[in-house]
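Encoded as structure tokens, the structure appears first; notes follow it.
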Protein chains: 2
Amino acid sequence: MLNKGISEEELFTFLADRKSEDLDHDFILSSMCTVPHSVAVRAHCMFMETNLGDPGLFPGTMALEKLLINRFGSLFHCPDAGGYATSGGTESNIQALRLAKALRHDIRKPNVIVPESAHFSFRKACDILGLEMRKAPLTRDYRMDAGAAGELVDRNTIALVGVAGTTEYGMVDPIADLAKIARQHDLFFHVDAAFGGMVIPFLKKPIPFDFSVKGVTSIAVDPHKMGMSTIPCGCLLTREPDVLNSLNIDTPYLTVKQEYTLAGTRPGAPVAGALAVMDYLGFAGMKAVVTGCMKNTQRLIAGMETFGIPRAATPDVNVATFTCDKARVPGPWKVSWTCRKHLRIVCMPHVTLGRIEAFLKDIGESHA
Amino acid sequence: MLNKGISEEELFTFLADRKSEDLDHDFILSSMCTVPHSVAVRAHCMFMETNLGDPGLFPGTMALEKLLINRFGSLFHCPDAGGYATSGGTESNIQALRLAKALRHDIRKPNVIVPESAHFSFRKACDILGLEMRKAPLTRDYRMDAGAAGELVDRNTIALVGVAGTTEYGMVDPIADLAKIARQHDLFFHVDAAFGGMVIPFLKKPIPFDFSVKGVTSIAVDPHKMGMSTIPCGCLLTREPDVLNSLNIDTPYLTVKQEYTLAGTRPGAPVAGALAVMDYLGFAGMKAVVTGCMKNTQRLIAGMETFGIPRAATPDVNVATFTCDKARVPGPWKVSWTCRKHLRIVCMPHVTLGRIEAFLKDIGESHA
């Protein structure tokens, strides 16, 4: 049973108490999410009640979703790319593999090839979709071994996956080499750029990972990660503008007749938030954010190495990893650990240089 | 490419223009979503940056999710029910069938039985999960024909689905009869109460549809529909507290080691919003809201019939349907149409008695 109802004051005192139990972002070094940008929050609040699952009711919000996809299409060198706003990287990756499967429904026991470093969402996707997941090993620098991946291809392979900005080590797989394999075998080639998609285009020397690489079929990118939007906002992009229609399901009673999305009701608010950040900052603004995060990553690596804590990898994006004794990482800092037991820190926008220096001071003392 | 960045004023002028293109809720009679309650919006904003996908960082927000599940468990007569907050009914329904499939992985060609009136998310779920979907016909009152459903069961049937508050006609399927069939054949029995779950418990005469009915395995309920929460917020409840663990996937590098959810990153904000509404209104407050919606539904049906526009069904929840000529429904009212071409109006909380009277006046004139 529900209670008798409480006053607004009681309610928000209670909620504020719970909120105070959450960790302070000042100490969160382990997350690929961040404090959303103020324009994202403002835009989110403006579109709070909108539902992209029934776009005929919200044509203005729908226009924002189209613009967001256009922005990414242009940024990823395919202005006509299709796509839509998902709930995040997991949905984008599931939908990409669902699409690959739908396009090859002639294959009865389909398999997909992912790098050992692939995000666990691919395990979910394969579990749900009934796909065999073949893991290609990594080279010593934690990138997918393209040669080994090629050897895993057989006539039941329907898709190849590369990662642009791996979750654990921040590496970009050899997308061009993988695309060559995909073209040779006529495979669907999905690039998981959930993290890197909003980093790599703004690097001093961008690494080719997007539709500029012939053979890339689809890309996942998450505005709610480095795009500093509100949660939940991912995007799935496809080179062919209309290919997602292969997933269409009839939708009676709505203002649209069919839909290919995974979710039904979909929030417009975070989509407005994502577009707001991109348009407010523009290319130069995003480049400034990414440049700052990369500088902080380099400062962190240099600082750690002066304490005798060596890097595990030299990352392509703002994820730093170290060989470090777990017992000597001081609280209240919240770091994370990779499968291979490396200390992992993501230098998100909320992890400012001041926070990096504070962390270095503390970990330096524990290593003195 | 992105633009050069624009001023905050330019940005929000542009966003406000798009917003003005969305339909005014005063005229939206077709949606199962509504304008969120003010306490939901306030709570949402308070928890804007929280991510339930990494709960160790947000223990306070995680506690709210547990409370929300507890509230529904109690309301649905199973205080110990397990579950979690999903992105909405579609994810809840996919996950319920995914669970049913995981629990019967011995069956190689599994099928599920759903009513003809099942939401289209079941078509998606079956497509994604590789399940055969068998549609049981409805009786003349638009409820699932339990006898016919029973006849569809064979040794490959893994789940039975009933709907409590159908999308098109607002009917509650004969849950008790269906539960009997499920028990006889040892089937997973999922009740889709995405809409009705926040209506039926507050009716003058609640219809048994929940865990009080022996044999009900899981229930989907959407706070972002009649729960007046912000989007996206659904819940999946299971009678067995820990059964969702069958879907666990390893999650390295996070503050949890495994997860059974569909999405990875999950917003805490709408969960706080959903709990806020339930606790603020309490049982009596929700009953008042539902009583109002049901009265408005009855007034609408009575009013339409005085114009010679007969009801298509006498609904169990606040969805009214009519035999009506499409050409004679006046703008700017936004109504919807069922597969059987009936006019359909959902009397959500934003559809006040004043709006019903205004609509009746307009449609009365077009039928004069």
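We label chains A, B, ... in the order they appear in the structure tokens, count residues from 1 in each chain, and number ligands from 1 in the order shown.
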Output as a tab-separated table one row per residue of chain A within 6 Å of chain B: the closest atom pair and its distance in Å to one decimal place, counting only C-alpha atoms, sorted by chain and residue number ascending.
residue	atom	partner	partner_atom	distance
A:Met1	CA	B:Leu75	CA	4.5
A:Leu2	CA	B:Phe283	CA	5.0
A:Asn3	CA	B:Gly282	CA	4.9
A:Lys4	CA	B:Gly282	CA	4.7
A:Gly5	CA	B:Gly282	CA	3.8
A:Ile6	CA	B:Tyr280	CA	5.0
A:Arg18	CA	B:Gly60	CA	4.3
A:Lys19	CA	B:Gly60	CA	5.4
A:Glu21	CA	B:Gly60	CA	4.7
A:Asp22	CA	B:Phe58	CA	4.2
A:Leu23	CA	B:Leu57	CA	5.4
A:Val35	CA	B:Glu49	CA	5.7
A:Glu49	CA	B:Val35	CA	5.7
A:Leu57	CA	B:Leu23	CA	5.4
A:Phe58	CA	B:Asp22	CA	4.2
A:Pro59	CA	B:Asp22	CA	5.4
A:Gly60	CA	B:Arg18	CA	4.3
A:Ser74	CA	B:Met1	CA	5.0
A:Leu75	CA	B:Met1	CA	4.4
A:Thr90	CA	B:Ala263	CA	5.6
A:Ile128	CA	B:Leu129	CA	5.5
A:Leu129	CA	B:Leu129	CA	5.4
A:Ile231	CA	B:Pro267	CA	5.5
A:Tyr253	CA	B:Trp337	CA	5.2
A:Ala263	CA	B:Thr90	CA	5.6
A:Gly264	CA	B:Thr90	CA	5.9
A:Pro267	CA	B:Ile231	CA	5.4
A:Asp279	CA	B:Gly5	CA	5.5
A:Tyr280	CA	B:Gly5	CA	4.8
A:Leu281	CA	B:Gly5	CA	4.7
A:Gly282	CA	B:Gly5	CA	3.8
A:Phe283	CA	B:Leu2	CA	5.0
A:Ser336	CA	B:Tyr253	CA	5.6
A:Trp337	CA	B:Tyr253	CA	5.2
A:Thr338	CA	B:Tyr253	CA	5.3
Might you pull out every residue within 8 Å of stretch 287-289 of chain A, with only C-alpha atoms counted and same-chain residues fewer than 5 positions away left off, and present them as a compact mmCIF listing (two decimals) with C-alpha atoms, in the first residue's frame?
# COMPACT_ATOMS: atom_id res chain seq x y z
CA PHE A 202 38.24 17.30 -31.63
CA LEU A 203 41.73 15.88 -31.10
CA PRO A 349 35.08 17.54 -17.94
Show me, as a PDB file with C-alpha atoms, in the first residue's frame, the residues that have an atom within 8 Å of B:Ile158 when counting only C-alpha atoms, minus same-chain residues fewer than 5 positions from it.
ATOM      1  CA  ALA B 100      10.917 -16.258 -19.556  1.00  0.00           C
ATOM      2  CA  LYS B 101      13.211 -17.454 -22.335  1.00  0.00           C
ATOM      3  CA  ARG B 104      13.355 -22.216 -20.288  1.00  0.00           C
ATOM      4  CA  PRO B 110       9.924 -21.194 -27.934  1.00  0.00           C
ATOM      5  CA  ASN B 111       6.589 -19.486 -28.422  1.00  0.00           C
ATOM      6  CA  VAL B 112       4.612 -17.007 -26.336  1.00  0.00           C
ATOM      7  CA  LEU B 187       4.055 -21.091 -17.769  1.00  0.00           C
ATOM      8  CA  PHE B 188       5.676 -17.747 -17.049  1.00  0.00           C
TER       9      PHE B 188
END
Picked from stretch 265-320 of chain B by DSSP as alpha helix (DSSP H), as a ChimeraX atom specification: /B:269-306
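Using only C-alpha atoms for every distance, the candidate list B:Thr306, B:Thr217, B:Thr157, B:Ser212 yields B:Thr306 as the residue closest to B:Lys361.
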Do you know which residues are at most 10 Å from A:Gly303 counting only C-alpha atoms, after dropping those on the same chain fewer than 3 positions away, and could you put them as number ranges by chain? A: 297-300, 306-310, 356-357, 359-361, 363-364
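With only C-alpha atoms as the atoms that count, the minimum distance from B:Val216 to the choices B:Asp80, B:Asp242, B:Asp154, B:Asp186 is reached by B:Asp186.
Of the listed residues (B:Val329, B:Leu131, B:Ala176, B:Val319), B:Val319 comes nearest to B:Val199; the distances count only C-alpha atoms.
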Separation of atom CA of A:Lys204 from atom CA of A:Gly82, in Å and rounded to one decimal: 27.6 Å
Can you pull out the residues contacting B:Leu152? Cut-off 12 Å, using only C-alpha atoms, and skip same-chain residues under 4 positions away; I want them as a PDB file with C-alpha atoms, in the first residue's frame.
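Result written to selection-v7.pdb:
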ATOM      1  CA  ASN B 111       6.589 -19.486 -28.422  1.00  0.00           C
ATOM      2  CA  VAL B 112       4.612 -17.007 -26.336  1.00  0.00           C
ATOM      3  CA  ILE B 113       0.883 -16.389 -26.291  1.00  0.00           C
ATOM      4  CA  VAL B 114      -0.339 -12.802 -26.249  1.00  0.00           C
ATOM      5  CA  PRO B 115      -3.813 -11.341 -26.782  1.00  0.00           C
ATOM      6  CA  GLU B 132       7.178 -17.159 -32.074  1.00  0.00           C
ATOM      7  CA  MET B 133       4.263 -14.896 -31.140  1.00  0.00           C
ATOM      8  CA  ARG B 134       0.857 -16.571 -31.007  1.00  0.00           C
ATOM      9  CA  LYS B 135      -2.088 -14.217 -30.895  1.00  0.00           C
ATOM     10  CA  ALA B 136      -5.134 -15.267 -28.916  1.00  0.00           C
ATOM     11  CA  PRO B 137      -8.399 -13.766 -30.171  1.00  0.00           C
ATOM     12  CA  ASP B 145     -10.356 -15.141 -24.796  1.00  0.00           C
ATOM     13  CA  ALA B 146      -8.839 -17.304 -22.065  1.00  0.00           C
ATOM     14  CA  GLY B 147     -10.250 -20.525 -23.515  1.00  0.00           C
ATOM     15  CA  ALA B 148      -8.769 -19.782 -26.932  1.00  0.00           C
ATOM     16  CA  ASN B 156       7.110 -25.119 -26.727  1.00  0.00           C
ATOM     17  CA  THR B 157       5.100 -22.395 -25.003  1.00  0.00           C
ATOM     18  CA  ILE B 158       7.264 -20.536 -22.500  1.00  0.00           C
ATOM     19  CA  ALA B 159       5.058 -17.600 -21.562  1.00  0.00           C
ATOM     20  CA  LEU B 160       1.547 -16.250 -21.460  1.00  0.00           C
ATOM     21  CA  ILE B 181      -3.945 -21.763 -17.474  1.00  0.00           C
ATOM     22  CA  ALA B 182      -0.427 -20.596 -16.668  1.00  0.00           C
ATOM     23  CA  HIS B 185       0.999 -25.618 -17.861  1.00  0.00           C
TER      24      HIS B 185
END
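Here the DSSP assignment of strand (DSSP E or B), based on backbone atoms, applies within stretch 56-95 of chain A to Gly82, Gly83, Tyr84, Ala85 and Thr86 of chain A.
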Go ahead and dump the residues you just picked, N, CA and C atoms, as a compact mmCIF listing (two decimals), in the first residue's frame.
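The result, stored in out.txt:
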# COMPACT_ATOMS: atom_id res chain seq x y z
N GLY A 82 21.50 8.39 -41.63
CA GLY A 82 20.25 8.19 -40.90
C GLY A 82 20.55 7.93 -39.44
N GLY A 83 19.51 7.76 -38.66
CA GLY A 83 19.73 7.44 -37.25
C GLY A 83 18.67 8.01 -36.35
N TYR A 84 18.84 7.77 -35.07
CA TYR A 84 17.87 8.29 -34.09
C TYR A 84 18.52 8.34 -32.71
N ALA A 85 17.85 9.01 -31.80
CA ALA A 85 18.35 9.14 -30.43
C ALA A 85 17.90 7.95 -29.59
N THR A 86 18.88 7.23 -29.04
CA THR A 86 18.61 6.05 -28.24
C THR A 86 18.73 6.40 -26.75
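The coordinates place atom CA of A:Met294 at 5.4 Å from atom CA of A:Asn318.
As for atom CA of B:Ser366 and atom CA of B:Pro330, they are spaced 7.1 Å apart.
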